[in-house]
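Asker: The following block contains the structure, expressed as structure tokens.
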Amino acid sequence: MERTILHVDLDAFYASVEQRDDPSLRGRPVIVGGRSRRGVVCAASYEARPFGVRSAMPMVTALERCPDAVVLAPRMAHYAAVSSQFFGILETMSPLVEGLSLDEAFLDVTGEERLLGDGPTIARRIKHSVRAELGLVASVGVAPVKHVAKIASDLDKPDGLRVVRPNEVTSFLAGLPVSRLWGVGKVTGEALARAGLHTIGDLARVGERVLAARVGGDAAAHLAALARGEDARAVQPDRAPVSLGSEDTFERDLRDRELLWEMLLMQADTVCARLRGESLRARTVTVKIKFADFELITRRMTLARPTADGREVGRIARELLMQVPGIEQRGVRLTGVSLSGLTGVEVAPPRQLALGLPADKAAEAAVARGEALGDALDRITQRFGDGALRRAIHVRGAGGALDDDAAPAQPKEPRRR
């Protein structure tokens, strides 16, 4: 039985949410991202894209190309709330929904014909619901395999709907550039171009032996299969995250370890809030340091017991930071904290902790207190919004506080891999 796979993508998600919420922005070029000279573009509205503005572009370049753009800081908590509504719509169409990010997902709607209609009909229902319920626009690709559905959803943006029937897959792919395939980046693309292989159809014709001479055996087998329209991967609903992380790029290079630790503590709190929200705990803490010359190093530590306590993760991050040599001499442009070794947890009710506990029990009790404090912070944030309550060390103007120049250039939503 042929599968029917949908790839659904919200068009220019962050920028479109801002235009939806503020009607004065509609029809104007909008850029969401860090507003400093080191900030990057998180999203650009379709009005900004004709100027050559794209996501991940340095903000200074984007504003040179589109000086009249409205630049807005990201509102990640708000985008996450809208994303939850989006996934709620998708889950009414199929139990097999695999999220790729806040604004895109795969659905397997095989066998839903009697209840909801065929793939194109379900795609139109999703597009209508997204517009009616969220005030946003989605593009959808329909195909028998995942990578073809993903390519199809990209071709007619914005507000696209492209259907690729099983007997059309090869002809659909044939004329597209090789860069459309997963796994073809700049280096691989240049290697293929030197061999005269420019389209997906070229790859399908030459076969694995010719490809292997250019990109190696494993990559050749992968690319040849995709070029033939073969993709055995199933849609994986509720896939557990491998790790969660948060990172920030600074307005200027930092050389003060105490200031860097304050940033790491803030990132630890951000990631631990996400852990608690998903009823997860983490056993391994990884700190990322990128120097001014762009050299990237990491340090990690595995804990005796899993945790979602931001204070504990911040303490470990400080220990790892102190192991990194050369900070004062080289300067740091980015820090990040990621947590892995994730496990689920049943959230226990609050309990009174006794005094005079043995050392091992006292350590466990301290972690429990930290996580309970985190739960309270989460409830305050949900009710009053981001930034309603902060650690004293992060309040501007207090001793050891962040100065304006050292503030992160762009807050990022915790990565999920």
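Just so we're on the same page: first chain in the structure tokens is A, next is B, and so on; residues restart at 1 for each chain, and ligands are numbered from 1 in the order they show up.
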Within 8 Å of Glu2 (chain A), counting only C-alpha atoms, which residues qualify if same-chain residues fewer than 2 places away don't, as a VMD selection string?
Answerer: chain A and resid 4 110 144 166
Asker: What's around Arg233 (chain A) at 9 Å? Count only C-alpha atoms, leave out sequence neighbours fewer than 2 positions away in its own chain, and write the answer as an mmCIF file with N, CA and C atoms, in the first residue's frame.
Answerer:
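Result file is around23.cif:
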```cif
data_model
loop_
_atom_site.group_PDB
_atom_site.id
_atom_site.type_symbol
_atom_site.label_atom_id
_atom_site.label_comp_id
_atom_site.auth_asym_id
_atom_site.auth_seq_id
_atom_site.Cartn_x
_atom_site.Cartn_y
_atom_site.Cartn_z
ATOM 1 N N VAL A 145 6.515 9.708 -0.194
ATOM 2 C CA VAL A 145 7.678 9.585 0.698
ATOM 3 C C VAL A 145 8.014 10.941 1.284
ATOM 4 N N LYS A 146 8.774 10.917 2.388
ATOM 5 C CA LYS A 146 8.999 12.131 3.165
ATOM 6 C C LYS A 146 9.797 13.191 2.403
ATOM 7 N N ASP A 231 12.645 6.476 -0.207
ATOM 8 C CA ASP A 231 12.836 6.999 1.139
ATOM 9 C C ASP A 231 11.978 6.149 2.069
ATOM 10 N N VAL A 235 7.048 8.248 9.289
ATOM 11 C CA VAL A 235 6.737 9.381 10.157
ATOM 12 C C VAL A 235 6.774 8.887 11.599
ATOM 13 N N GLN A 236 7.528 9.561 12.449
ATOM 14 C CA GLN A 236 7.740 9.121 13.828
ATOM 15 C C GLN A 236 7.061 10.087 14.794
#
```
Asker: I need the residue nearest Cys66 (chain A) from this list: A:Val30, A:Leu6, A:Gly88, A:Ser101. Use only C-alpha atoms for the distance.
Answerer: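 Closest to Cys66 (chain A), using only C-alpha atoms: A:Val30.
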Asker: Can you work out the spacing between CA of Ala212 (chain A) and CA of Glu230 (chain A) in Å, to one decimal?
Answerer: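 The value is 18.0 Å.
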Asker: Region 265-350 of chain A: which residues are helix (DSSP H, G or I) by DSSP, as a PyMOL selection string?
Answerer: chain A and resi 265-277+310-322+327-330
Asker: Convert the current residue selection to file output with C-alpha atoms, as a tab-separated table (two decimals), in the first residue's frame.
Answerer:
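And here is the file that came out, result-v2.tsv:
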```
chain	number	residue	atom	x	y	z
A	265	LEU	CA	23.26	30.48	34.31
A	266	MET	CA	20.62	32.33	32.32
A	267	GLN	CA	20.89	29.72	29.56
A	268	ALA	CA	20.72	26.92	32.13
A	269	ASP	CA	17.49	28.36	33.52
A	270	THR	CA	16.04	28.60	30.00
A	271	VAL	CA	16.81	24.98	29.14
A	272	CYS	CA	15.68	23.62	32.52
A	273	ALA	CA	12.35	25.41	32.17
A	274	ARG	CA	11.90	23.58	28.87
A	275	LEU	CA	12.82	20.28	30.55
A	276	ARG	CA	10.27	20.79	33.30
A	277	GLY	CA	7.64	21.74	30.76
A	310	GLY	CA	18.68	25.47	36.73
A	311	ARG	CA	20.82	26.34	39.73
A	312	GLU	CA	22.48	22.91	39.70
A	313	VAL	CA	23.04	23.02	35.94
A	314	GLY	CA	24.42	26.55	36.33
A	315	ARG	CA	26.83	25.33	39.01
A	316	ILE	CA	28.10	22.58	36.71
A	317	ALA	CA	28.36	25.08	33.84
A	318	ARG	CA	30.56	27.28	36.03
A	319	GLU	CA	32.89	24.35	36.79
A	320	LEU	CA	33.16	23.54	33.10
A	321	LEU	CA	33.78	27.18	32.20
A	322	MET	CA	36.69	27.33	34.63
A	327	ILE	CA	39.29	33.24	27.78
A	328	GLU	CA	40.85	36.44	29.08
A	329	GLN	CA	43.32	36.58	26.19
A	330	ARG	CA	41.12	35.42	23.31
```
Asker: Using only C-alpha atoms, which protein or nucleic acid residues come within 9 Å of region 117-122 of chain A? Drop anything in the same chain fewer than 4 positions from it, and give the result as an MDAnalysis selection string.
Answerer: chainID A and resid 4:6 93 109:113 126:127 141:143 161:163
Asker: Atoms to include: C-alpha atoms. Write the selected residues as a compact mmCIF listing (two decimals), in the first residue's frame.
Answerer:
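Result file selection_10.txt:
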```txt
# COMPACT_ATOMS: atom_id res chain seq x y z
CA THR A 4 0.47 9.33 1.72
CA ILE A 5 2.81 11.77 3.44
CA LEU A 6 2.21 15.48 3.99
CA MET A 93 -6.02 15.06 10.93
CA VAL A 109 -2.45 10.26 6.45
CA THR A 110 -2.42 6.82 4.83
CA GLY A 111 -5.80 5.15 5.32
CA GLU A 112 -7.62 8.36 6.29
CA GLU A 113 -9.54 8.55 3.00
CA ILE A 126 -5.18 21.94 7.04
CA LYS A 127 -4.55 25.10 5.05
CA GLY A 141 3.49 19.08 -0.04
CA VAL A 142 1.78 15.72 -0.65
CA ALA A 143 3.80 12.71 -1.79
CA LEU A 161 -0.01 23.17 -2.34
CA ARG A 162 1.94 20.74 -4.51
CA VAL A 163 0.78 17.14 -5.00
```
Asker: Region 121-195 of chain A: which residues are strand (DSSP E) by DSSP, as a VMD selection string?
Answerer: chain A and resid 138 to 143 161 to 163
Asker: Neighbouring residues of Asp293 (chain A) were defined as those with any atom within 10 Å, considering only C-alpha atoms; residues of the same chain fewer than 5 positions away were excluded. Please report them as a ChimeraX atom specification.
Answerer: /A:330-333
Asker: Please measure the separation of CA of Arg255 (chain A) and CA of Pro58 (chain A), giving the value in Å to one decimal.
Answerer: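 Distance between the two atoms: 23.0 Å.
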Asker: From the list A:Thr286, A:Ser45, A:Thr307, A:Ser16, which residue is nearest Pro29 (chain A) when using only C-alpha atoms?
Answerer: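 Checking each of A:Thr286, A:Ser45, A:Thr307, A:Ser16 against Pro29 (chain A), counting only C-alpha atoms, the winner is A:Ser45.
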Asker: Just the number, please: distance in Å from CA of Lys186 (chain A) to CA of Arg214 (chain A), one decimal.
Answerer: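 Going from CA of Lys186 (chain A) over to CA of Arg214 (chain A), I get 13.8 Å.
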Asker: Could you check which of A:Val130, A:Val17, A:Val148, A:Ala12 is closest to Val53 (chain A), using only C-alpha atoms?
Answerer: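 Under the stated criterion, the closest residue is A:Ala12.
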Asker: Would you kindly return, as an MDAnalysis selection string, each protein, DNA or RNA residue with an atom no farther than 12 Å from any atom of Ser84 (chain A), considering only C-alpha atoms and excluding same-chain residues fewer than 6 positions away?
Answerer: chainID A and resid 77:78 90:91 99 101:104 134
Asker: Dump C-alpha atoms for the selected residues as an mmCIF file, in the first residue's frame?
Answerer:
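Final output, result.cif:
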```
data_model
loop_
_atom_site.group_PDB
_atom_site.id
_atom_site.type_symbol
_atom_site.label_atom_id
_atom_site.label_comp_id
_atom_site.auth_asym_id
_atom_site.auth_seq_id
_atom_site.Cartn_x
_atom_site.Cartn_y
_atom_site.Cartn_z
ATOM 1 C CA ALA A 77 7.389 32.025 24.250
ATOM 2 C CA HIS A 78 4.637 33.532 22.105
ATOM 3 C CA LEU A 90 -2.459 18.713 12.677
ATOM 4 C CA GLU A 91 -3.330 16.137 15.326
ATOM 5 C CA GLY A 99 7.317 17.766 14.397
ATOM 6 C CA SER A 101 10.435 22.547 14.426
ATOM 7 C CA LEU A 102 7.894 25.008 15.789
ATOM 8 C CA ASP A 103 6.462 25.628 12.336
ATOM 9 C CA GLU A 104 6.782 22.443 10.295
ATOM 10 C CA LEU A 134 -4.549 31.038 13.502
#
```
Asker: Quick one: of A:Val40, A:Val8, A:Val70, A:Leu203, who's nearest to Leu25 (chain A), counting only C-alpha atoms?
Answerer: A:Val70
Asker: Report as a ChimeraX atom specification all protein, DNA and RNA residues lying within 12 Å of Asp253 (chain A), evaluated on only C-alpha atoms, omitting residues in the same chain fewer than 2 positions from it.
Answerer: /A:38,248-251,255-257,259-260,289-294,327-335,405-409
Asker: Would you put the residues from that selection into a file with C-alpha atoms, as a CSV table (one decimal), in the first residue's frame?
Answerer:
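Result file out_13.csv:
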```
chain,number,residue,atom,x,y,z
A,38,ARG,CA,26.3,40.7,15.5
A,248,ASP,CA,23.5,33.4,22.7
A,249,THR,CA,25.9,35.6,20.6
A,250,PHE,CA,27.2,38.7,22.3
A,251,GLU,CA,27.3,42.3,21.2
A,255,ARG,CA,36.7,38.1,28.6
A,256,ASP,CA,35.3,38.1,32.1
A,257,ARG,CA,34.6,34.6,33.4
A,259,LEU,CA,30.1,37.6,33.4
A,260,LEU,CA,30.2,34.6,31.1
A,289,ILE,CA,32.3,28.2,24.0
A,290,LYS,CA,33.0,30.0,20.7
A,291,PHE,CA,36.1,32.3,20.8
A,292,ALA,CA,36.4,35.6,18.9
A,293,ASP,CA,38.3,33.8,16.2
A,294,PHE,CA,35.3,31.4,15.8
A,327,ILE,CA,39.3,33.2,27.8
A,328,GLU,CA,40.9,36.4,29.1
A,329,GLN,CA,43.3,36.6,26.2
A,330,ARG,CA,41.1,35.4,23.3
A,331,GLY,CA,37.6,36.7,24.1
A,332,VAL,CA,34.4,34.8,23.7
A,333,ARG,CA,31.6,35.7,21.2
A,334,LEU,CA,29.1,32.9,22.1
A,335,THR,CA,28.2,30.6,24.9
A,405,ASP,CA,26.8,46.2,25.9
A,406,ALA,CA,27.2,42.6,27.2
A,407,ALA,CA,23.6,41.6,26.7
A,408,PRO,CA,23.0,38.8,24.3
A,409,ALA,CA,22.5,40.0,20.7
```
Asker: Of the candidates A:Asp309, A:Gly196, A:Ile151, A:Val164, which one gets nearest to Leu181 (chain A) if we count only C-alpha atoms?
Answerer: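 Nearest to Leu181 (chain A): A:Ile151.
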Asker: With distances taken over only C-alpha atoms, which of A:Arg20, A:Arg49, A:Arg28, A:His147 is nearest to Asp68 (chain A)?
Answerer: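 Of the candidates, the smallest distance to Asp68 (chain A) is held by A:Arg28.
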Asker: I'd like the contact shell of Pro67 (chain A) - 10 Å cut-off, only C-alpha atoms, skipping same-chain residues fewer than 5 positions apart - returned as a list of chain:residue names.
Answerer: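 Listing them by chain and then by number gives A:Pro29, A:Phe51, A:Val60, A:Thr61, A:Ala62.
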Asker: Next, dump the selected residues to file, keeping only N, CA and C atoms, as a PDB file, in the first residue's frame.
Answerer:
```
ATOM      1  N   PRO A  29       8.019  45.299   4.965  1.00  0.00           N
ATOM      2  CA  PRO A  29       9.103  44.338   5.202  1.00  0.00           C
ATOM      3  C   PRO A  29       9.402  44.231   6.693  1.00  0.00           C
ATOM      4  N   PHE A  51      14.372  41.824  -1.420  1.00  0.00           N
ATOM      5  CA  PHE A  51      15.612  42.581  -1.231  1.00  0.00           C
ATOM      6  C   PHE A  51      16.803  41.663  -0.976  1.00  0.00           C
ATOM      7  N   VAL A  60      23.304  43.119   9.988  1.00  0.00           N
ATOM      8  CA  VAL A  60      23.880  44.295   9.351  1.00  0.00           C
ATOM      9  C   VAL A  60      23.760  44.192   7.830  1.00  0.00           C
ATOM     10  N   THR A  61      23.923  42.989   7.283  1.00  0.00           N
ATOM     11  CA  THR A  61      23.762  42.786   5.842  1.00  0.00           C
ATOM     12  C   THR A  61      22.311  42.960   5.429  1.00  0.00           C
ATOM     13  N   ALA A  62      21.407  42.403   6.246  1.00  0.00           N
ATOM     14  CA  ALA A  62      19.986  42.502   5.933  1.00  0.00           C
ATOM     15  C   ALA A  62      19.532  43.956   5.873  1.00  0.00           C
TER      16      ALA A  62
END
```
